[in-house]
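I have placed the structure first, in the form of structure tokens, so that the comments after it can refer back to it.
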Protein chains: 2
Amino acid sequence: MPSASKAVLQPRKTPVQARSTASVNAILEATIQVLLEVGKERLTTTRVAYRAGVSVGTLYQYFPNKGALLQAALKNHLELVADAVERVCREERGGPPSQMVTRIVDKFLEAKMKDIKTSVALYSVSSDVEGSKIVEKTAARMNKAITCMLATTREPLQKDPQLVASMIQSAMAGVSRKLLESSSPDKQFMPLKQELILMLTAYLDASL
Amino acid sequence: MPSASKAVLQPRKTPVQARSTASVNAILEATIQVLLEVGKERLTTTRVAYRAGVSVGTLYQYFPNKGALLQAALKNHLELVADAVERVCREERGGPPSQMVTRIVDKFLEAKMKDIKTSVALYSVSSDVEGSKIVEKTAARMNKAITCMLATTREPLQKDPQLVASMIQSAMAGVSRKLLESSSPDKQFMPLKQELILMLTAYLDASL
DNA sequence: TGGTTAGATGAAGAAAGCTTCAGGTTAGGA
DNA sequence: TCCTAACCTGAAGCTTTCTTCATCTAACCA
């Protein structure tokens, strides 16, 4: 009896052997695939397991329930985005504000658009109660990173850096959502990205 | 046999007598209430009907299925926001750009925040397949209105006005979402609104 | 090679919710 | 007043999906 249950979100069992790790990965990937194909409403644990090439029982060995499965998939995706942002924020410390903005927008959108459809599919998950907690945590992580970076500008900001960071995040999130929801994201991508950089640069300039 | 079925979203039957109109309204309001209390996952048609003070049968007389019910509620809400934006855009024609931005942000956020919790509850609906179509349509309506308004500036814009309108919408949507998802929307409201206006003003100035 | 643990299986139990429909009630016109 | 159409009711059928668990197989180690 190694451990009690940590409720939702925690895998029931941690993989030890290689094959189980493979199963978990397959299940997670299958989750995204099924989400893309049939949507969250018609996503069933059985279907995911079948797609992953395992049995339902195996799925339930690692995820206590359907919700945990979806949350894990969402978490995976968001962490990739947050990682990208954190990395950029570290790299651009002390640089000129306009470059900060350009690079951060670049990386954020790149991460979001890397697998456009996956992002879209996961939006439906993020509106769950537990899902939005995960979103919030990731947002907080990014906020911290951006705030930190903003503190390294030559001339200090005239306002609360955290507020400024929030605005940057909001604007980026708004645009990426617009892109993802658009019927042809690829066509709008470059113009919107350009405008976003322009907007944020103008904003930062006005905040120094 | 007055009419065939127009599939989803259309009420099955159009109210004729006063009491049925009352039922429909009660059902729609109850939908929001239940959404707030238990969330979309645990919203059941029976529960909505009970809350509305009618029977499930009555509900199904006006809404062909659960999805149509949720969509109707979403549509209601979005149309209020779009109406507010359209009105402002009409009023501010020919005015100075900074005022355009200020007023539009003001009204947009006012409409969104009027019933904060309702907006939040409806986000979970908007990620449905049919739900996002409704969102898209409303966004297109607002885009048209804003584009129209932008065409009346003294100095003409140096860019595609529709692109600029999209950016304004994206930024507003991003911020409102941030507000709605925040744990204390009221505290963040004024600062974020101020910043949003500032950001959009700076952006518009840079686009003239 | 044998024992022990990790991992996999999938039929079936159980729960839950959507939706229908046959029959009752109310409103409004003739 | 009486009749018809509009409206309402809610128990129950039907379907769907989640989740479990007894049992089997594969991997690792002594």
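Residues in the structure tokens are numbered from 1 in each chain, the chains being A, B, ... in the order shown, and ligands are numbered from 1 in the order shown.
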Please identify all polymer residues within 12 Å of Gln61 in chain B, counting only C-alpha atoms (C1' of nucleotides), omitting same-chain residues fewer than 4 positions from it, and present them as a list of chain:residue names.
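Listed by chain and then number, they are B:Gln10, B:Pro11, B:Arg12, B:Lys13, B:Thr14, B:Pro15, B:Ser20, B:Thr21, B:Ser23, B:Val24, B:Ile27, B:Ala49, B:Val54, B:Ser55, B:Val56, B:Gly57, B:Asn65, B:Lys66, B:Ala68, B:Leu69, C:DT19, C:DT20, C:DC21, D:DA6, D:DC7, D:DC8, D:DT9.
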Taking a cut-off of 7 Å and counting only C-alpha atoms, can you build a table that, for each residue of chain B near chain A, reports the nearest atom pair and how far apart they are in Å (one decimal), sorted by chain then residue number, as JSON lines?
```
{"residue": "B:Tyr123", "atom": "CA", "partner": "A:Ser127", "partner_atom": "CA", "distance": 6.7}
{"residue": "B:Ser124", "atom": "CA", "partner": "A:Ser127", "partner_atom": "CA", "distance": 5.0}
{"residue": "B:Ser127", "atom": "CA", "partner": "A:Ser124", "partner_atom": "CA", "distance": 5.0}
{"residue": "B:Ser170", "atom": "CA", "partner": "A:Gly174", "partner_atom": "CA", "distance": 4.6}
{"residue": "B:Ala171", "atom": "CA", "partner": "A:Ala171", "partner_atom": "CA", "distance": 4.7}
{"residue": "B:Ala173", "atom": "CA", "partner": "A:Gly174", "partner_atom": "CA", "distance": 5.7}
{"residue": "B:Gly174", "atom": "CA", "partner": "A:Gly174", "partner_atom": "CA", "distance": 3.9}
{"residue": "B:Val175", "atom": "CA", "partner": "A:Ser170", "partner_atom": "CA", "distance": 5.1}
{"residue": "B:Lys178", "atom": "CA", "partner": "A:Ser170", "partner_atom": "CA", "distance": 6.3}
{"residue": "B:Met199", "atom": "CA", "partner": "A:Tyr203", "partner_atom": "CA", "distance": 4.9}
{"residue": "B:Ala202", "atom": "CA", "partner": "A:Ala202", "partner_atom": "CA", "distance": 5.6}
{"residue": "B:Tyr203", "atom": "CA", "partner": "A:Met199", "partner_atom": "CA", "distance": 4.9}
```
Would you mind exporting N, CA and C atoms of the selected residues as a short mmCIF file (atom, residue, chain, number, x, y, z; two decimals), in the first residue's frame?
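Written output follows (selection33.cif):
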```cif
data_model
loop_
_atom_site.label_atom_id
_atom_site.label_comp_id
_atom_site.auth_asym_id
_atom_site.auth_seq_id
_atom_site.Cartn_x
_atom_site.Cartn_y
_atom_site.Cartn_z
N TYR B 123 -18.60 30.78 -20.82
CA TYR B 123 -17.39 30.42 -21.53
C TYR B 123 -17.34 28.93 -21.79
N SER B 124 -17.82 28.17 -20.84
CA SER B 124 -17.76 26.72 -21.02
C SER B 124 -18.67 26.27 -22.16
N SER B 127 -17.16 26.83 -26.04
CA SER B 127 -16.16 25.97 -26.68
C SER B 127 -16.79 24.78 -27.39
N SER B 170 -9.35 41.71 -30.17
CA SER B 170 -8.54 40.69 -29.50
C SER B 170 -8.05 41.18 -28.15
N ALA B 171 -7.57 42.40 -28.13
CA ALA B 171 -7.05 42.94 -26.88
C ALA B 171 -8.15 43.05 -25.83
N ALA B 173 -10.94 41.35 -25.73
CA ALA B 173 -11.36 40.01 -25.33
C ALA B 173 -10.35 39.40 -24.37
N GLY B 174 -9.08 39.60 -24.67
CA GLY B 174 -8.04 39.06 -23.80
C GLY B 174 -8.15 39.60 -22.40
N VAL B 175 -8.31 40.91 -22.30
CA VAL B 175 -8.39 41.53 -20.98
C VAL B 175 -9.65 41.10 -20.24
N LYS B 178 -9.19 37.73 -18.89
CA LYS B 178 -8.30 37.78 -17.73
C LYS B 178 -9.08 38.22 -16.49
N MET B 199 -3.15 51.35 -23.80
CA MET B 199 -2.51 50.51 -24.81
C MET B 199 -3.14 50.72 -26.18
N ALA B 202 -2.30 54.17 -27.62
CA ALA B 202 -0.94 54.19 -28.14
C ALA B 202 -0.88 53.46 -29.48
N TYR B 203 -1.61 52.38 -29.56
CA TYR B 203 -1.63 51.59 -30.80
C TYR B 203 -2.27 52.37 -31.94
#
```
Considering only C-alpha atoms (C1' of nucleotides), can you say which of A:Gln33, A:Arg103, A:Arg87, A:Tyr60 comes closest to chain C?
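Result for the nearest residue to chain C: A:Tyr60.
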Here CA of Leu208 in chain B and CA of Pro156 in chain B stand apart by 6.7 Å
Taking only C-alpha atoms (C1' of nucleotides) into account, name the residue in D:DC3, D:DC29, D:DA22, D:DA11 that is nearest to chain B.
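Nearest candidate to chain B out of D:DC3, D:DC29, D:DA22, D:DA11: D:DA11.
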Gap from CA of Gly67 in chain A to CA of Ile116 in chain B - Å, one decimal
25.8 Å
Taking only C-alpha atoms (C1' of nucleotides) into account and nothing else, which residues of chain C lie no more than 8 Å away from chain A? Please answer as a list in words.
DA6, DG7, DA8, DT9 and DG10 of chain C
DSSP on the backbone, alpha helix (DSSP H) only: what residues of range 20-189 of chain A does that give? Format it as JSON, numbers by chain.
{"A": [20, 21, 22, 23, 24, 25, 26, 27, 28, 29, 30, 31, 32, 33, 34, 35, 36, 37, 38, 45, 46, 47, 48, 49, 50, 51, 52, 56, 57, 58, 59, 60, 61, 62, 66, 67, 68, 69, 70, 71, 72, 73, 74, 75, 76, 77, 78, 79, 80, 81, 82, 83, 84, 85, 86, 87, 88, 89, 90, 91, 97, 98, 99, 100, 101, 102, 103, 104, 105, 106, 107, 108, 109, 110, 111, 112, 113, 114, 116, 117, 118, 119, 120, 121, 122, 123, 124, 125, 126, 129, 130, 131, 132, 133, 134, 135, 136, 137, 138, 139, 140, 141, 142, 143, 144, 145, 146, 147, 148, 149, 150, 161, 162, 163, 164, 165, 166, 167, 168, 169, 170, 171, 172, 173, 174, 175, 176, 177, 178, 179, 180, 181, 185, 186, 187, 188, 189]}
Leaving out Ala145 in chain A and any residue of its chain fewer than 5 positions from it, which residues lie within 9 Å of it when counting only C-alpha atoms (C1' of nucleotides), given as a PyMOL selection string?
chain A and resi 85-87+89-90+140+150+165
Selection file, C-alpha atoms, as a PDB file, in the first residue's frame:
```pdb
ATOM      1  CA  VAL A  85       8.068  32.061 -22.282  1.00  0.00           C
ATOM      2  CA  GLU A  86      10.268  31.542 -19.263  1.00  0.00           C
ATOM      3  CA  ARG A  87      13.228  30.751 -21.444  1.00  0.00           C
ATOM      4  CA  CYS A  89      12.389  36.023 -20.388  1.00  0.00           C
ATOM      5  CA  ARG A  90      15.658  34.733 -19.064  1.00  0.00           C
ATOM      6  CA  ALA A 140       0.897  33.017 -12.849  1.00  0.00           C
ATOM      7  CA  LEU A 150      10.595  43.900 -17.055  1.00  0.00           C
ATOM      8  CA  ALA A 165       2.984  41.958 -17.494  1.00  0.00           C
TER       9      ALA A 165
END
```
Nearest candidate to chain A (options D:DA30, D:DC18, D:DC24, D:DA5; using only C-alpha atoms (C1' of nucleotides)):
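Closest residue, counting only C-alpha atoms (C1' of nucleotides): D:DC18.
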Residues at most 9 Å from Leu78 in chain B, counting only C-alpha atoms (C1' of nucleotides), excluding those fewer than 5 positions away in the same chain, as a PDB file with C-alpha atoms, in the first residue's frame?
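Final file, selection.pdb:
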```
ATOM      1  CA  ALA B  73     -28.449  31.197 -23.522  1.00  0.00           C
ATOM      2  CA  ASP B  83     -25.495  45.575 -29.306  1.00  0.00           C
ATOM      3  CA  LYS B 112     -19.153  41.882 -20.132  1.00  0.00           C
ATOM      4  CA  ILE B 134     -22.178  31.807 -32.426  1.00  0.00           C
ATOM      5  CA  VAL B 135     -19.115  33.478 -30.970  1.00  0.00           C
ATOM      6  CA  THR B 138     -20.964  38.009 -32.985  1.00  0.00           C
TER       7      THR B 138
END
```
